Structure formats: structure tokens, C-alpha cells
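*Asks:* See start28.csv below, with CSV, C-alpha atoms.
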chain,number,residue,atom,x,y,z
A,1,MET,CA,99.8,128.9,120.2
A,2,GLU,CA,101.6,125.6,120.5
A,3,LYS,CA,101.3,123.3,117.5
A,4,GLN,CA,99.5,120.1,118.4
A,5,VAL,CA,100.4,116.8,116.8
A,6,ALA,CA,98.1,113.8,116.3
A,7,GLN,CA,98.4,110.7,114.3
A,8,VAL,CA,95.3,109.3,112.8
A,9,HIS,CA,94.8,106.1,110.8
A,10,LEU,CA,91.7,106.0,108.5
A,11,SER,CA,90.8,102.8,106.8
A,12,ALA,CA,87.9,100.9,105.2
A,13,VAL,CA,89.5,97.7,106.6
A,14,LEU,CA,87.5,96.9,109.7
A,15,ASP,CA,87.9,94.7,112.7
A,16,THR,CA,85.1,92.5,111.4
A,17,ARG,CA,86.2,91.0,108.2
A,18,TYR,CA,84.1,91.7,105.0
A,19,PHE,CA,83.4,88.0,104.5
A,20,GLU,CA,81.9,88.0,108.0
A,21,LEU,CA,79.9,91.2,107.2
A,22,GLN,CA,78.5,89.5,104.1
A,23,THR,CA,77.4,86.6,106.2
A,24,ILE,CA,75.8,88.8,108.8
A,25,TYR,CA,74.3,91.5,106.6
A,26,GLY,CA,74.5,90.3,103.0
A,27,LYS,CA,76.6,91.4,100.1
A,28,GLU,CA,74.8,94.7,99.4
A,29,GLN,CA,75.0,95.9,103.0
A,30,ALA,CA,78.7,94.9,103.1
A,31,LYS,CA,79.2,97.0,99.9
A,32,LEU,CA,77.4,99.9,101.6
A,33,ILE,CA,79.6,99.6,104.7
A,34,ALA,CA,82.8,99.7,102.5
A,35,SER,CA,81.5,102.7,100.4
A,36,SER,CA,80.5,104.7,103.5
A,37,HIS,CA,84.0,104.3,105.0
A,38,MET,CA,85.6,105.3,101.7
A,39,LYS,CA,83.3,108.3,101.4
A,40,ALA,CA,84.1,109.4,104.9
A,41,ILE,CA,87.9,109.3,104.1
A,42,ASP,CA,87.2,111.2,100.8
A,43,THR,CA,85.2,113.8,102.8
A,44,ILE,CA,88.0,114.3,105.3
A,45,GLU,CA,90.5,114.8,102.4
A,46,GLU,CA,88.2,117.3,100.8
A,47,ILE,CA,87.8,119.3,104.0
A,48,ILE,CA,91.6,119.4,104.5
A,49,LYS,CA,92.0,120.8,101.0
A,50,ALA,CA,89.1,123.2,101.2
A,51,GLU,CA,90.0,124.6,104.6
A,52,LEU,CA,93.8,124.7,103.7
A,53,ILE,CA,94.5,122.6,106.8
A,54,GLU,CA,98.2,122.1,107.2
A,55,CYS,CA,98.8,118.4,107.8
A,56,ASP,CA,100.5,115.5,106.3
A,57,PHE,CA,97.4,113.7,105.0
A,58,LYS,CA,98.3,111.0,102.5
A,59,ARG,CA,96.8,107.9,101.2
A,60,LEU,CA,98.9,104.8,101.7
A,61,SER,CA,98.5,101.1,100.8
A,62,GLY,CA,97.7,98.8,103.6
A,63,GLN,CA,98.4,95.1,104.2
A,64,LEU,CA,96.4,92.5,105.9
A,65,SER,CA,98.2,89.6,107.4
A,66,LEU,CA,97.1,86.5,109.1
A,67,HIS,CA,96.6,86.6,112.8
A,68,GLU,CA,97.9,83.5,114.7
A,69,THR,CA,94.2,82.4,115.1
A,70,ASP,CA,93.4,82.8,111.4
A,71,LYS,CA,93.4,80.0,108.9
A,72,PRO,CA,95.3,80.7,105.6
A,73,GLU,CA,92.1,80.5,103.5
A,74,SER,CA,90.6,83.4,105.5
A,75,LEU,CA,92.8,85.8,103.6
A,76,ALA,CA,91.5,84.6,100.2
A,77,LYS,CA,87.9,84.8,101.5
A,78,GLU,CA,88.6,88.4,102.7
A,79,TYR,CA,90.1,89.3,99.4
A,80,HIS,CA,87.1,88.1,97.5
A,81,ALA,CA,84.6,89.7,99.9
A,82,ALA,CA,86.5,93.1,99.9
A,83,LYS,CA,86.6,93.0,96.1
A,84,GLU,CA,82.9,92.3,95.9
A,85,ALA,CA,82.3,95.2,98.4
A,86,GLY,CA,84.0,97.5,95.9
A,87,LEU,CA,87.4,98.0,97.6
A,88,ASP,CA,90.5,98.3,95.5
A,89,VAL,CA,92.4,95.3,96.7
A,90,THR,CA,95.0,92.9,95.5
A,91,PHE,CA,96.0,89.4,96.7
A,92,GLN,CA,99.7,88.5,97.0
A,93,GLU,CA,100.9,85.2,98.1
A,94,PHE,CA,104.4,84.9,99.6
A,95,VAL,CA,106.5,82.5,101.5
A,96,LEU,CA,108.5,83.5,104.5
A,97,LEU,CA,111.9,81.9,104.7
A,98,PHE,CA,113.5,81.5,108.1
Take the structure in the file and write it out as C-alpha cells.
*Replies:*
Amino acid sequence: MEKQVAQVHLSAVLDTRYFELQTIYGKEQAKLIASSHMKAIDTIEEIIKAELIECDFKRLSGQLSLHETDKPESLAKEYHAAKEAGLDVTFQEFVLLF
């Protein structure tokens, strides 16, 4: 049997920002959304270990950067909302020198 290769990216960072989710659904629902995504990733990791699935599963840090249509304050808002939702996040400011 030929080995099949797939790359998968699992994340609790969503297309809709957490500060927007808080506005739409409230803080408690945003927290539930974050925890359900993290639980899903935990479950996948548990299955990989329990079933002895040979793969290169690893947890990595992510980075959220501004899109050209974003305002700089949106990163700070997202940081605070993600933190309130229970995600393990840090905020780093940096200056790009060209």
C-alpha cells in the first residue's frame, strides 16, 4: 500500500475574530467556541496516541498579523477577546524597519 501524505492545520483561531464573536454571540458563547475548538484538537491528539497513528502531529505557536484592511487596534482587541475566551495568547508589539 502506498503511503498517503496530507498536511492539516488545526487551530482555534478562526476567520471571524473573537472580538467580533463576542459582539455577535456574547462573551460566554465566544468562550464556548474557543473551548470547543481546543477540545477538538485535544481529541485528535488523543486518538493519534491511542491508535498509534504514525504522523508528525505537533503543536506549534501561531501568529496573527494585520491584514491590509485591518486597523492596528484590531490586534489589541483580538488579543483581549481571545484571552477572555480562555485561549493561551500573548501580545507582542514590534516595528518593521525597511
*Asks:* So the first atom is atom CA of Asp15 of chain A and the second is atom CA of Lys31 of chain A; what is the distance between them in Å, to one decimal place?
*Replies:*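 Answer for the atom CA of Asp15 of chain A to atom CA of Lys31 of chain A separation: 15.6 Å.
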*Asks:* Mind pulling up the distance from atom CA of Ala82 of chain A to atom CA of Gln22 of chain A?
*Replies:*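 Taking atom CA of Gln22 of chain A and atom CA of Ala82 of chain A, their separation equals 9.7 Å.
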*Asks:* List the spatial neighbours of segment 32-37 of chain A as a compact mmCIF listing (two decimals) with C-alpha atoms, in the coordinates of the input - criterion: any atom at most 9 Å away, all atoms listed in the file, same-chain residues fewer than 6 positions off excluded.
*Replies:*
# COMPACT_ATOMS: atom_id res chain seq x y z
CA LEU A 10 91.70 106.00 108.50
CA SER A 11 90.80 102.80 106.80
CA ALA A 12 87.90 100.90 105.20
CA VAL A 13 89.50 97.70 106.60
CA TYR A 18 84.10 91.70 105.00
CA LEU A 21 79.90 91.20 107.20
CA ALA A 82 86.50 93.10 99.90
CA ALA A 85 82.30 95.20 98.40
CA GLY A 86 84.00 97.50 95.90
CA LEU A 87 87.40 98.00 97.60
*Asks:* Between A:Ala30, A:Ala50, A:Cys55, A:Met38, which one has atoms that come closest to Val8 of chain A, using all atoms listed in the file?
*Replies:*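 Going through A:Ala30, A:Ala50, A:Cys55, A:Met38 one by one, the smallest distance to Val8 of chain A is for A:Cys55.
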*Asks:* Suppose you want the space between atom CA of Leu14 of chain A and atom CA of Phe57 of chain A; what is it in Å?
*Replies:*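 Spanning atom CA of Leu14 of chain A to atom CA of Phe57 of chain A is a straight-line distance of 20.1 Å.
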*Asks:* Please identify all polymer residues within 12 Å of Glu93 of chain A, counting only C-alpha atoms, omitting same-chain residues fewer than 4 positions from it, and present them as a compact mmCIF listing (two decimals) with C-alpha atoms, in the frame of the given file.
*Replies:*
# COMPACT_ATOMS: atom_id res chain seq x y z
CA GLN A 63 98.40 95.10 104.20
CA LEU A 64 96.40 92.50 105.90
CA SER A 65 98.20 89.60 107.40
CA LEU A 66 97.10 86.50 109.10
CA PRO A 72 95.30 80.70 105.60
CA GLU A 73 92.10 80.50 103.50
CA LEU A 75 92.80 85.80 103.60
CA ALA A 76 91.50 84.60 100.20
CA TYR A 79 90.10 89.30 99.40
*Asks:* Considering all atoms listed in the file, can you say which of A:Glu28, A:Glu2, A:Ala40, A:Gln7 comes closest to Asp56 of chain A?
*Replies:*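 Smallest distance to Asp56 of chain A is found for A:Gln7.
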*Asks:* N, CA and C atoms are what I want for segment 56-90 of chain A; can you complete it accordingly and write them as a compact mmCIF listing (two decimals), keeping the file's coordinate frame?
*Replies:*
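Result written to result.txt:
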# COMPACT_ATOMS: atom_id res chain seq x y z
N ASP A 56 99.83 116.37 107.21
CA ASP A 56 100.50 115.50 106.30
C ASP A 56 99.60 114.34 105.83
N PHE A 57 98.35 114.70 105.50
CA PHE A 57 97.40 113.70 105.00
C PHE A 57 97.96 113.04 103.76
N LYS A 58 97.97 111.74 103.75
CA LYS A 58 98.30 111.00 102.50
C LYS A 58 97.69 109.65 102.53
N ARG A 59 97.40 109.20 101.35
CA ARG A 59 96.80 107.90 101.20
C ARG A 59 97.95 106.87 101.00
N LEU A 60 97.84 105.80 101.75
CA LEU A 60 98.90 104.80 101.70
C LEU A 60 98.22 103.41 101.48
N SER A 61 98.99 102.52 100.91
CA SER A 61 98.50 101.10 100.80
C SER A 61 98.60 100.47 102.12
N GLY A 62 97.72 99.53 102.32
CA GLY A 62 97.70 98.80 103.60
C GLY A 62 98.00 97.31 103.27
N GLN A 63 98.16 96.56 104.32
CA GLN A 63 98.40 95.10 104.20
C GLN A 63 97.70 94.40 105.28
N LEU A 64 97.04 93.35 104.92
CA LEU A 64 96.40 92.50 105.90
C LEU A 64 97.10 91.18 105.96
N SER A 65 97.51 90.82 107.15
CA SER A 65 98.20 89.60 107.40
C SER A 65 97.44 88.66 108.28
N LEU A 66 97.81 87.42 108.26
CA LEU A 66 97.10 86.50 109.10
C LEU A 66 97.45 86.70 110.58
N HIS A 67 96.43 86.62 111.39
CA HIS A 67 96.60 86.60 112.80
C HIS A 67 96.89 85.13 113.19
N GLU A 68 97.52 84.90 114.30
CA GLU A 68 97.90 83.50 114.70
C GLU A 68 96.62 82.61 114.81
N THR A 69 95.46 83.21 115.03
CA THR A 69 94.20 82.40 115.10
C THR A 69 93.52 82.24 113.81
N ASP A 70 94.02 82.88 112.75
CA ASP A 70 93.40 82.80 111.40
C ASP A 70 93.84 81.51 110.70
N LYS A 71 93.00 81.12 109.77
CA LYS A 71 93.40 80.00 108.90
C LYS A 71 93.80 80.71 107.55
N PRO A 72 94.77 80.13 106.84
CA PRO A 72 95.30 80.70 105.60
C PRO A 72 94.16 81.06 104.59
N GLU A 73 93.12 80.24 104.50
CA GLU A 73 92.10 80.50 103.50
C GLU A 73 91.24 81.73 103.89
N SER A 74 91.35 82.22 105.11
CA SER A 74 90.60 83.40 105.50
C SER A 74 91.06 84.65 104.72
N LEU A 75 92.35 84.71 104.38
CA LEU A 75 92.80 85.80 103.60
C LEU A 75 92.22 85.85 102.19
N ALA A 76 92.13 84.67 101.58
CA ALA A 76 91.50 84.60 100.20
C ALA A 76 90.03 84.94 100.33
N LYS A 77 89.34 84.46 101.37
CA LYS A 77 87.90 84.80 101.50
C LYS A 77 87.77 86.31 101.73
N GLU A 78 88.66 86.93 102.51
CA GLU A 78 88.60 88.40 102.70
C GLU A 78 88.86 89.15 101.48
N TYR A 79 89.83 88.69 100.70
CA TYR A 79 90.10 89.30 99.40
C TYR A 79 88.91 89.36 98.53
N HIS A 80 88.27 88.22 98.35
CA HIS A 80 87.10 88.10 97.50
C HIS A 80 85.94 88.98 97.99
N ALA A 81 85.71 88.94 99.29
CA ALA A 81 84.60 89.70 99.90
C ALA A 81 84.88 91.22 99.78
N ALA A 82 86.13 91.64 100.02
CA ALA A 82 86.50 93.10 99.90
C ALA A 82 86.34 93.53 98.47
N LYS A 83 86.75 92.70 97.54
CA LYS A 83 86.60 93.00 96.10
C LYS A 83 85.13 93.16 95.75
N GLU A 84 84.31 92.23 96.21
CA GLU A 84 82.90 92.30 95.90
C GLU A 84 82.24 93.53 96.59
N ALA A 85 82.83 94.00 97.69
CA ALA A 85 82.30 95.20 98.40
C ALA A 85 82.75 96.48 97.68
N GLY A 86 83.60 96.34 96.65
CA GLY A 86 84.00 97.50 95.90
C GLY A 86 85.32 98.13 96.29
N LEU A 87 86.06 97.48 97.16
CA LEU A 87 87.40 98.00 97.60
C LEU A 87 88.43 97.66 96.55
N ASP A 88 89.41 98.52 96.41
CA ASP A 88 90.50 98.30 95.50
C ASP A 88 91.58 97.48 96.21
N VAL A 89 91.52 96.17 96.03
CA VAL A 89 92.40 95.30 96.70
C VAL A 89 93.15 94.35 95.77
N THR A 90 94.29 93.87 96.21
CA THR A 90 95.00 92.90 95.50
C THR A 90 95.39 91.74 96.43
